[in-house]
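These notes are about the structure you will find just below.
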Amino acid sequence: MLAGRNRLVTADDFKSTLRRGRRFTGSTTVVHVASTGESRPPRFGFIITRKVGNAVKRNLVRRRLRALCYRLLPAVAPGTDVVVRALPGSEQVPSATLHKDVVDALSRSLPN
RNA sequence: UGGGUCGGCAAGACGGUCGCGUCAUCCGAAAGGGUGCCGAGGAACGUCCGGGCUCCGCAGAGCAUGGUGGUGGGUAACACCCACCCGGAGCAAUCCGCGAGAAAGUGCAACAGAAAGCAGACCGCCACGGGCCUUGUGCCCGGGGUAAGGGUGAAACGGUGGUGUAAGAGACCACCAGCGGCCCGAGCGAUCGGGUCGGCUGGGUAAACCUCGCCAGGAGCAAGGUCGAAUAAGGGGACGAUGAGGCUGCUCGCCGAGUCCCCGGGUAGACCGCUAGAGGGCUGCGGCAACGUAGUCCCGAGAUAGAUGACCGUCCACGGUGCCUAACGGCACCCGGACAGAACCCGGCGUAACAGCCGGCCCAUUCA
């Protein structure tokens, strides 16, 4: 699970990451990655719209994403901001599929 | 044993690894870290009612608008709950009714039918007048009488029997049903029981308008409050071309019109509101009950891009398949947890939803 300092919390941070970051679309998620150049731990934010389902389903997706992002924390460069947008249908796939989507997006965001 | 009906319980269990939030505590200058406790629901949901709380409004009365609608009680209050009444369904337990008013008025009603709301003459019935010849309990025509019978309909203007009549008719009579008035009795009351008189009977729909009684000020925790950067407008005061202020620590020199302070405003943001309350369990007492009351014990979510989880294992229900068994059932494998996530707090209602467990009552059956 992600601690508070690894979370994007303000609307400004979300906006700048979505605007400046590179976008990687998977089958169940869209991942925005922006490098700020600041020397601090990477931060993650999540967007789960109402199209995903009711509150229980949205909570489930967000918690799964948070848990897998926690495991990915060492692989992300410091100063990176990541916003994961969950697409409709993401509530029906197992956690492994979500994990694969995010890992693919982050590996493609690396320089080589 | 089977079926029905009403109510209650519970909402998979245990473990491992890695984590999250509030609070407490310890270490630390801080950032942060360690430890410990606690951490979703019966509907947390919909936001449909009712309150608390907060701000705004408020002489009094009326109107409008909205809500509500048998009676009595419970409650902070309600559209909720309890008891009872009436009507309906059921053998019964029990359930259902958005239960005021349809002789205040306006409106509406498919199809069928002759006619559907100051009813109505299609068939039929009945005398009367006329015609015919086949002289009959005849047929045809005419203008009338008639709601007993037929047929239509959800519904045809009380029912049965009689008197009466040309045939009929509450036209009249008896009984019955229903309506209204009055009286008596039971009940706090809705209402029920009985008596008497009356015109003899004037359908439905108010979740159509409407009428009557009763109840309602508005907005909502993004309420509201405290602190409050930055920036800009504004107000007041002091000083200022007799030089404010700056270059510049001081002097000279140069530049040359505002400078400083206070008030105020309340944005970004932070904090408070923010979780112990019309709270629950047990026992006693009052009450048919809802509930009230006394004593005693218990209670530990509080996030804010929004914590309460992710992954894995074992087991137990449900479901499926196969095998064994006369059957009850047993074994193996597979599948796999219903609806659903607090956001100021309570009381209700409504809606969603698998499978299960327990109990009361009713009916049927078997045995005694």
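For the structure tokens, the naming scheme is as follows: chains receive sequential letters (A, B, ...) according to their order of presentation, residues are indexed from 1 within each chain, and ligands are indexed from 1 in presentation order.
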* To do: Within 9 Å of Gly37 of chain A, counting only C-alpha atoms (C1' of nucleotides), which residues show up once you throw out same-chain ones fewer than 4 positions away? Write them as a ChimeraX atom specification, please.
  => /A:78-80
* Please determine the contact residues of chain B with respect to chain A at a cut-off of 8 Å, counting only C-alpha atoms (C1' of nucleotides), and supply them as a VMD selection string. => chain B and resid 19 to 20 305 309 to 310 340 to 341
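Picture a line from atom C1' of A353 of chain B to atom C1' of C95 of chain B; it runs 23.9 Å.
Remark: for C111 of chain B, the closest of the candidate residues B:A154, B:C82, B:C311, B:C239 is B:A154 (distances computed over only C-alpha atoms (C1' of nucleotides)).
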Which residues are close to G264 of chain B, i.e. within 12 Å by only C-alpha atoms (C1' of nucleotides), leaving aside same-chain residues fewer than 4 positions away? Reply as a tab-separated table (two decimals) with N, CA and C atoms (P, O5', C5', C4', C3', O3' and C1' of nucleotides), in the first residue's frame.
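As a result, result.tsv now contains:
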```tsv
chain	number	residue	atom	x	y	z
B	233	A	P	-4.67	49.03	-6.02
B	233	A	O5'	-6.20	49.25	-5.65
B	233	A	C5'	-7.16	49.47	-6.69
B	233	A	C4'	-8.57	49.41	-6.14
B	233	A	C3'	-8.90	50.37	-5.01
B	233	A	O3'	-9.10	51.71	-5.43
B	233	A	C1'	-9.74	48.25	-4.49
B	234	G	P	-8.56	52.88	-4.47
B	234	G	O5'	-9.43	52.70	-3.14
B	234	G	C5'	-10.84	52.91	-3.17
B	234	G	C4'	-11.48	52.59	-1.84
B	234	G	C3'	-11.05	53.47	-0.68
B	234	G	O3'	-11.70	54.73	-0.68
B	234	G	C1'	-11.12	51.20	0.01
B	235	G	P	-10.91	56.01	-0.10
B	235	G	O5'	-11.07	55.83	1.47
B	235	G	C5'	-12.37	55.84	2.07
B	235	G	C4'	-12.27	55.56	3.55
B	235	G	C3'	-11.28	56.40	4.32
B	235	G	O3'	-11.78	57.68	4.65
B	235	G	C1'	-11.01	54.14	4.92
B	236	G	P	-10.80	58.93	4.74
B	236	G	O5'	-10.05	58.67	6.12
B	236	G	C5'	-10.79	58.65	7.34
B	236	G	C4'	-9.92	58.20	8.49
B	236	G	C3'	-8.63	58.96	8.69
B	236	G	O3'	-8.82	60.20	9.35
B	236	G	C1'	-8.21	56.64	8.85
```
* Counting only C-alpha atoms (C1' of nucleotides), what is within 12 Å of segment 200-207 of chain B, bar same-chain residues fewer than 6 positions away, as an MDAnalysis selection string? -> chainID B and resid 98 100:103 107:109 116:118 154:158 170:172 177:180
* **Test item: residues at most 12 Å from Val83 of chain A, only C-alpha atoms (C1' of nucleotides), excluding those fewer than 6 positions along its chain, as a PyMOL selection string** => (chain A and resi 6-9+11+13-25+29-35+42-48+62+65-66+69+102+105-106) or (chain B and resi 305)
File of the preceding selection, C-alpha atoms (C1' of nucleotides), as a tab-separated table (two decimals), in the first residue's frame:
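The file below, out33.tsv, is the result:
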```
chain	number	residue	atom	x	y	z
A	6	ASN	CA	3.74	8.52	-2.35
A	7	ARG	CA	0.35	9.88	-3.29
A	8	LEU	CA	-0.73	12.68	-5.54
A	9	VAL	CA	-3.27	14.64	-3.59
A	11	ALA	CA	-5.75	18.99	-8.08
A	13	ASP	CA	-0.51	17.93	-9.36
A	14	PHE	CA	-3.07	15.86	-11.21
A	15	LYS	CA	-3.56	18.52	-13.82
A	16	SER	CA	0.13	19.05	-14.51
A	17	THR	CA	0.83	15.31	-14.70
A	18	LEU	CA	-2.02	14.75	-17.14
A	19	ARG	CA	-0.94	17.71	-19.24
A	20	ARG	CA	2.82	17.21	-19.31
A	21	GLY	CA	3.14	13.45	-18.90
A	22	ARG	CA	3.51	10.81	-21.56
A	23	ARG	CA	0.50	8.61	-22.02
A	24	PHE	CA	0.48	4.81	-22.36
A	25	THR	CA	-2.79	3.05	-23.09
A	29	THR	CA	-5.76	1.37	-17.90
A	30	VAL	CA	-4.28	4.58	-19.23
A	31	VAL	CA	-1.02	5.51	-17.51
A	32	HIS	CA	0.35	9.05	-17.52
A	33	VAL	CA	4.01	9.41	-16.53
A	34	ALA	CA	5.70	12.76	-15.90
A	35	SER	CA	9.21	13.34	-14.62
A	42	PRO	CA	7.80	8.96	-6.85
A	43	ARG	CA	4.12	9.71	-6.45
A	44	PHE	CA	1.04	7.92	-7.77
A	45	GLY	CA	-2.50	9.11	-8.35
A	46	PHE	CA	-5.57	7.21	-9.48
A	47	ILE	CA	-8.62	8.18	-11.47
A	48	ILE	CA	-11.54	5.78	-11.40
A	62	ARG	CA	-8.35	1.56	-6.64
A	65	LEU	CA	-3.90	-0.46	-8.17
A	66	ARG	CA	-2.52	0.99	-4.97
A	69	CYS	CA	2.00	0.33	-7.36
A	102	VAL	CA	0.90	-0.87	-15.41
A	105	ALA	CA	3.39	1.20	-19.40
A	106	LEU	CA	6.15	2.00	-16.92
B	305	A	C1'	-7.89	12.36	-4.95
```
* Mind checking which residues fall within 12 Å of U231 of chain B, counting only C-alpha atoms (C1' of nucleotides), ignoring those fewer than 2 positions away in the same chain, and posting them as a PyMOL selection string? => chain B and resi 229+233+267-268
